[in-house]
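Asker: Quick one: the structure is below, and I'll ask about it shortly.
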Amino acid sequence: MIAYLLRRLGALIIVLFGITLVVFVISRVIPTDVARLWAGQRDITSSERQVRMIIEQYHLDKPILVQYGLYVRDLFRGDMGISVMSNRSVWEEMRERIPNTIELGLMALLFAVPLGIVSGVLSATRRNSWIDHGTRLASLGGVSVPVFWLGLLFQMVLYYQLGLVPSPGGRLAEVTQFTAPVRTVTGFLLTDALIGGNWRALGDAALHLLLPGFTLALPLIALISRMTRSSLLEEISKDYVRTARAKGLAGRTVNRRHALRNALLPVATIVGISFGNVLTGSVVTELVYYWPGIGRYAVQAILAYDTPAIMAFTVLAATVFALANLVVDVLYAFLDPRIRYA
Amino acid sequence: MKRIRNAVRRSSILLFAIVAMLASGQAGAGPAVTFNPQLADTLRVAWSRIGPTDNVDPQTARSVTNWRLVMEAYETLTYYPDPTAEPQPFLAESWRRLEGGRVWEFKLKRGIRFSTGNEMTAEAVKYSIDRAMRIGIGSIFPLEGIYDRTEVVDRYTVRFHLESSTLAWPAILANPVILGIIDPDYVEKNGGIQIGRANPVVSRTSAGTGPWVVEEIRPNERIQYRRNPNYWRGWQAPYLERVAIQIVPEESTRLLLLERGDVDIAEVSGLSLPELKNRIRANSLPIRVIENDARGRPLPSLGLFWVNLNHGVLPTSDINVRRGLRHSFNYEQFLSRVMNGYGVRMRGLVPSAAPCADKTYQLPQFDLVRAKRFFDEASPAAQQVLRQGFVFRFQTNYVLQREGALMWQADLARVGVNVRLEEVDASTWLQTTRTRPGQPLSEARWTGSYPDPEYFMHPIRTGYWPPTGFGSAYAGGPEIDGLIQAARTAGTWERRCEFYKRLSNWLNEDATFVEVSELHGGIHPFNVQANWVRGFVHNPATTSPSVFYPMFKRQ
């Protein structure tokens, strides 16, 4: 197992090299003067001296492979470069946002996994009932209705009309920020509030997470639900289930103890990959809810042609996806004793 | 089958209920907006995002939004109480012009302290301007070709030596991103001067003499100020304790926040204002749109919208094509239908609120017959391009908007000119307009930080042609540069204004731009306020003093 893990981690490094090389080269071969474009991004009134400083700062006067080499060297030192837009360290900017995205992603999974599995199980065990049809309709809606539209609809109804959820934007209400400020320890707001025993901020932060988390979770709920249903139906029709029933075991017990356990194996894959997805693919949700995470940061970077920030996001996304896949594969071995990695 | 029918019936009822609820929300009374007494001393503002909001260091901040943030914490030697007036002493007590305007001596007010507790002295003034020049990434372009050095005469006297006589020097110094005075001690203790980059501490905190101290910055998301209790101009109750500014790019979200009472001030574009005013009336919302001054006159601005006509590429290199284009734009329709009345005709490069604005500027009129005549008089090469067609890359929500671009395209088609529209993002637009030889047509907008006429002349200076500058009409030449220089060094305002009038005449003759609009009335970042917000004073200049200082909330 350890050899397998090391092999996969080695492959991950090669994948990351490949990705960084491709993105780096694409960013440098566009038919424009990158230095002047960046100078213009900072301010349209940039002077020639400022353009020269950018060329020097980003080594733009050197051959592209040398530039890439310098980039990789810095990357190994933990330096992801300086943001073109803000002039600040990209890593510093990402570090401030990553906890927000992780908390949003975890909240989405907290909704998606139980709701998806329960609705999938109900749908499979009550096949062709109104529950099954309703779940299918909802799943279809969950995957086909655009997240931005759902987000705006939820804001319109639940925030604007009914006032059931807090305002979009930010992690805490203004009143909480002033009356119960959270001392930063880990950067994760919920954790920090918990560590500080700041229950008011904890509750407020959790409330702020609800709607964006649920919106992000909706397509996942649909996916997990459909996967659970089809997988469970497949298991239910297998001989061992029939045998268990023939032995006199209650249908519910057979489904729960035998069929569901096996049916959840492919669901684990979906959940694992979804974890990668929610961390890097929450862009639209973050934009609609004005959530201070890395998804929004990536969009801002792309619009501003902020190559160091785009590169950093790409490296992070690739790493998260590769690691999520690796974790799923390892998890497989634990869930299914028949699987062995050489 | 029956079960399916039931399920479908239930779903339909649910869907109908949701639609009905939404419809009632659109047309009905809407939510109750109430004053929150817990936040009585906190002003909550929602701004759009027209540039990065991540840096309050006066010597490295770029973008208009950052400038607005800087002016709350940092102050300047001079300020503009009103854009039509002369600059007044602020941190300076007085100044005098020496050597015909090549040297300026400023006496500082005594006893003014930074928010750090240190005293503001002549050394701090010299340190601030030297720091801006050394770092080199701030908004120092108005100093280039003007500024030479600073001399500390004594603890409270400073002398600026310029490369040439500059009557506008006190005006230039009103801009906090040119010379916002920072505490040198604070900078040196927090990383010092870092050439070519923003100091991560200084860009996220503040050490100025202003009424507000930066408490927190989350880049492009939120900035929070707290009151500087030792502010030198003092505080007279009622006043605010905190100001929290959220950057909310989505206009619909800003409106939701405002109408639910979760922000006190929201920046709303001219496109949404008429509908908002209807909702305010229909639902009796405690919200008001600030578009007139106390005497009921529309608020002035220093914002200009125009389209550059590139002198270096066909077809706009032909003066008859440029003249034809100026007569083919339906200005009045654009102002009423696209700008919703929040614009007036632009009269040359100096906005009407600034000194030396040319009230007699000959406005080109929308006249397609005349436009066609000009196009017919163009060179054969230009006419061929007009017939074949050329591309107009316009930026999303920038100057003409999609509606304005379509309107112009349709009018041009009526006189046989084929323009293909391409709507592009800011990056692509920047890339195409800043790469020589550029595009025949390129949109431009300029909001002056301070109302000195020279600040608006850069688009026609050869030194500001792309890729360095933003003069993507490639208009002007040594003669125009000479006129601008002469206007700068003219000894009196009357003489200066004469030069700017000559420049205006030249612009008109040359058909340099399609002068689209000057912003007017309700288009400013504080334009929609809850009724409990008081003390707002409109100043179109993004210079000192603080806008939030006189403001307070009262139910």
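Every chain in the structure tokens takes a letter, A first, then B, and so on in the order presented; its residues are numbered from 1, and the ligands are numbered from 1 following the presented order.
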Taking the DSSP secondary structure from the backbone, can you list the residues of stretch 59-125 of chain B that are strand (DSSP E), as a PyMOL selection string?

Answerer: chain B and resi 78-79+88-89+92-98+103-108

Asker: Could you dump the residues just selected with C-alpha atoms as a compact mmCIF listing (two decimals), in the first residue's frame?

Answerer:
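After the write, part.txt holds the following:
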# COMPACT_ATOMS: atom_id res chain seq x y z
CA THR B 78 -4.61 71.33 -0.16
CA TYR B 79 -8.21 70.41 -0.89
CA GLN B 88 -7.77 75.68 -0.29
CA PRO B 89 -5.22 75.01 2.49
CA ALA B 92 -0.97 73.35 4.85
CA GLU B 93 -1.52 76.68 6.50
CA SER B 94 -0.49 78.69 3.47
CA TRP B 95 1.68 78.55 0.39
CA ARG B 96 3.50 80.88 -1.93
CA ARG B 97 4.77 80.68 -5.46
CA LEU B 98 8.47 81.35 -6.02
CA VAL B 103 9.25 76.53 -6.72
CA TRP B 104 6.35 76.28 -4.27
CA GLU B 105 6.77 76.82 -0.55
CA PHE B 106 4.18 75.36 1.83
CA LYS B 107 3.85 76.24 5.51
CA LEU B 108 2.29 73.38 7.47

Asker: If we count only C-alpha atoms, what is near B:Arg102 at a cut-off of 8 Å, once residues fewer than 3 positions away on the same chain are taken out, given as a PyMOL selection string?

Answerer: chain B and resi 97-99+161-166

Asker: Please write the residues from the selection above to a file, keeping C-alpha atoms, as a PDB file, in the first residue's frame.

Answerer:
ATOM      1  CA  ARG B  97       4.766  80.684  -5.455  1.00  0.00           C
ATOM      2  CA  LEU B  98       8.469  81.355  -6.022  1.00  0.00           C
ATOM      3  CA  GLU B  99      10.500  81.719  -9.212  1.00  0.00           C
ATOM      4  CA  HIS B 161      11.180  72.313  -6.815  1.00  0.00           C
ATOM      5  CA  LEU B 162       9.564  71.668 -10.178  1.00  0.00           C
ATOM      6  CA  GLU B 163      11.086  71.187 -13.602  1.00  0.00           C
ATOM      7  CA  SER B 164       8.983  73.963 -15.051  1.00  0.00           C
ATOM      8  CA  SER B 165       6.583  76.576 -13.817  1.00  0.00           C
ATOM      9  CA  THR B 166       3.288  74.885 -12.892  1.00  0.00           C
TER      10      THR B 166
END

Asker: Could you pull out the residues in stretch 74-198 of chain A that DSSP calls helix (DSSP H, G or I) from the backbone, as a PyMOL selection string?

Answerer: chain A and resi 74-76+90-125+130-144+147-161+174-179+189-195

Asker: Leaving out B:Asn118 and any residue of its chain fewer than 4 positions from it, which residues lie within 8 Å of it when counting only C-alpha atoms, given as a ChimeraX atom specification?

Answerer: /B:113-114,183

Asker: Kindly assemble as a tab-separated table a list of the stretch 421-492 of chain B residues that lie within 12 Å of stretch 295-301 of chain B, each paired with its nearest atom pair and their distance in Å to one decimal, using only C-alpha atoms, sorted first by chain and then by ascending residue number.

Answerer:
residue	atom	partner	partner_atom	distance
B:Trp446	CA	B:Ser301	CA	10.8
B:Thr447	CA	B:Ser301	CA	8.1
B:Gly448	CA	B:Ser301	CA	8.7
B:Ser449	CA	B:Ser301	CA	10.4
B:Tyr450	CA	B:Ser301	CA	10.6
B:Pro451	CA	B:Ser301	CA	9.7

Asker: Which residues come within 8 Å of A:Ile273, counting only C-alpha atoms, excluding same-chain residues fewer than 5 positions away, as a list in words?

Answerer: Phe321, Ala324, Asn325 and Val328 of chain A

Asker: With C-alpha atoms retained, could you export that selection as a CSV table (one decimal), in the first residue's frame?

Answerer:
chain,number,residue,atom,x,y,z
A,321,PHE,CA,-8.5,16.7,-7.6
A,324,ALA,CA,-9.3,13.5,-3.8
A,325,ASN,CA,-8.9,10.7,-6.4
A,328,VAL,CA,-11.1,7.6,-3.0

Asker: Might you pull out every residue within 12 Å of B:Glu509, with only C-alpha atoms counted and same-chain residues fewer than 4 positions away left off, and present them as a ChimeraX atom specification?

Answerer: /B:319-320,322-323,326,348,361-364,475-476,502-505,513

Asker: Please report as JSON lines every residue of stretch 153-264 of chain B lying within 9 Å of stretch 276-288 of chain B, along with the nearest atom pair and their distance in Å (one decimal), using only C-alpha atoms.

Answerer:
{"residue": "B:Leu255", "atom": "CA", "partner": "B:Leu276", "partner_atom": "CA", "distance": 8.4}
{"residue": "B:Leu258", "atom": "CA", "partner": "B:Ile287", "partner_atom": "CA", "distance": 8.4}
{"residue": "B:Glu259", "atom": "CA", "partner": "B:Leu285", "partner_atom": "CA", "distance": 7.4}
{"residue": "B:Asp264", "atom": "CA", "partner": "B:Ile287", "partner_atom": "CA", "distance": 8.8}

Asker: Near B:Asn397, within 10 Å and counting only C-alpha atoms, which residues show up once chain neighbours fewer than 2 positions away are dropped, as a short mmCIF file (atom, residue, chain, number, x, y, z; two decimals) with N, CA and C atoms, in the first residue's frame?

Answerer:
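Contents of part_31.cif, as written:
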data_model
loop_
_atom_site.label_atom_id
_atom_site.label_comp_id
_atom_site.auth_asym_id
_atom_site.auth_seq_id
_atom_site.Cartn_x
_atom_site.Cartn_y
_atom_site.Cartn_z
N PHE B 394 -16.31 46.83 -28.24
CA PHE B 394 -16.70 47.66 -27.10
C PHE B 394 -16.72 46.82 -25.84
N GLN B 395 -16.49 47.48 -24.73
CA GLN B 395 -16.37 46.76 -23.46
C GLN B 395 -17.73 46.66 -22.77
N VAL B 399 -18.88 52.20 -21.70
CA VAL B 399 -19.27 53.54 -22.11
C VAL B 399 -20.60 53.51 -22.87
N LEU B 400 -20.59 52.90 -24.04
CA LEU B 400 -21.81 52.93 -24.86
C LEU B 400 -22.86 51.95 -24.39
N GLN B 401 -22.45 50.92 -23.66
CA GLN B 401 -23.34 49.81 -23.30
C GLN B 401 -23.77 49.14 -24.62
N ARG B 402 -24.33 47.98 -24.51
CA ARG B 402 -24.75 47.24 -25.71
C ARG B 402 -25.80 48.05 -26.49
N GLU B 403 -26.71 48.68 -25.75
CA GLU B 403 -27.81 49.40 -26.41
C GLU B 403 -27.27 50.56 -27.25
N GLU B 423 -18.59 42.52 -28.46
CA GLU B 423 -18.58 42.91 -27.04
C GLU B 423 -17.50 42.09 -26.34
N VAL B 424 -16.58 42.76 -25.70
CA VAL B 424 -15.44 42.05 -25.11
C VAL B 424 -15.30 42.39 -23.62
N ASP B 425 -14.54 41.54 -22.89
CA ASP B 425 -14.30 41.80 -21.48
C ASP B 425 -13.20 42.85 -21.34
N ALA B 426 -12.99 43.30 -20.11
CA ALA B 426 -12.05 44.39 -19.86
C ALA B 426 -10.63 44.05 -20.33
#

Asker: Which residue gives the smallest distance to chain B among A:Ser230, A:Ser83, A:Thr243, A:Asn198, with only C-alpha atoms counted?

Answerer: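 The closest residue to chain B is A:Ser83.
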
Asker: Using only C-alpha atoms, determine which residues lie at most 8 Å from A:Leu223, disregarding the query and same-chain residues fewer than 3 positions distant; provide the list as a VMD selection string.

Answerer: chain A and resid 116 139 143 219 to 220 226 to 227

Asker: Pick the closest to A:Ser123 from A:Ala138, A:Thr215, A:Tyr71, A:Met53: which is it, counting only C-alpha atoms?

Answerer: A:Ala138

Asker: How far is it from atom CA of A:Leu335 to atom CA of A:Met1, in Å with one decimal?

Answerer: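 For atom CA of A:Leu335 relative to atom CA of A:Met1, the distance reads 14.8 Å.
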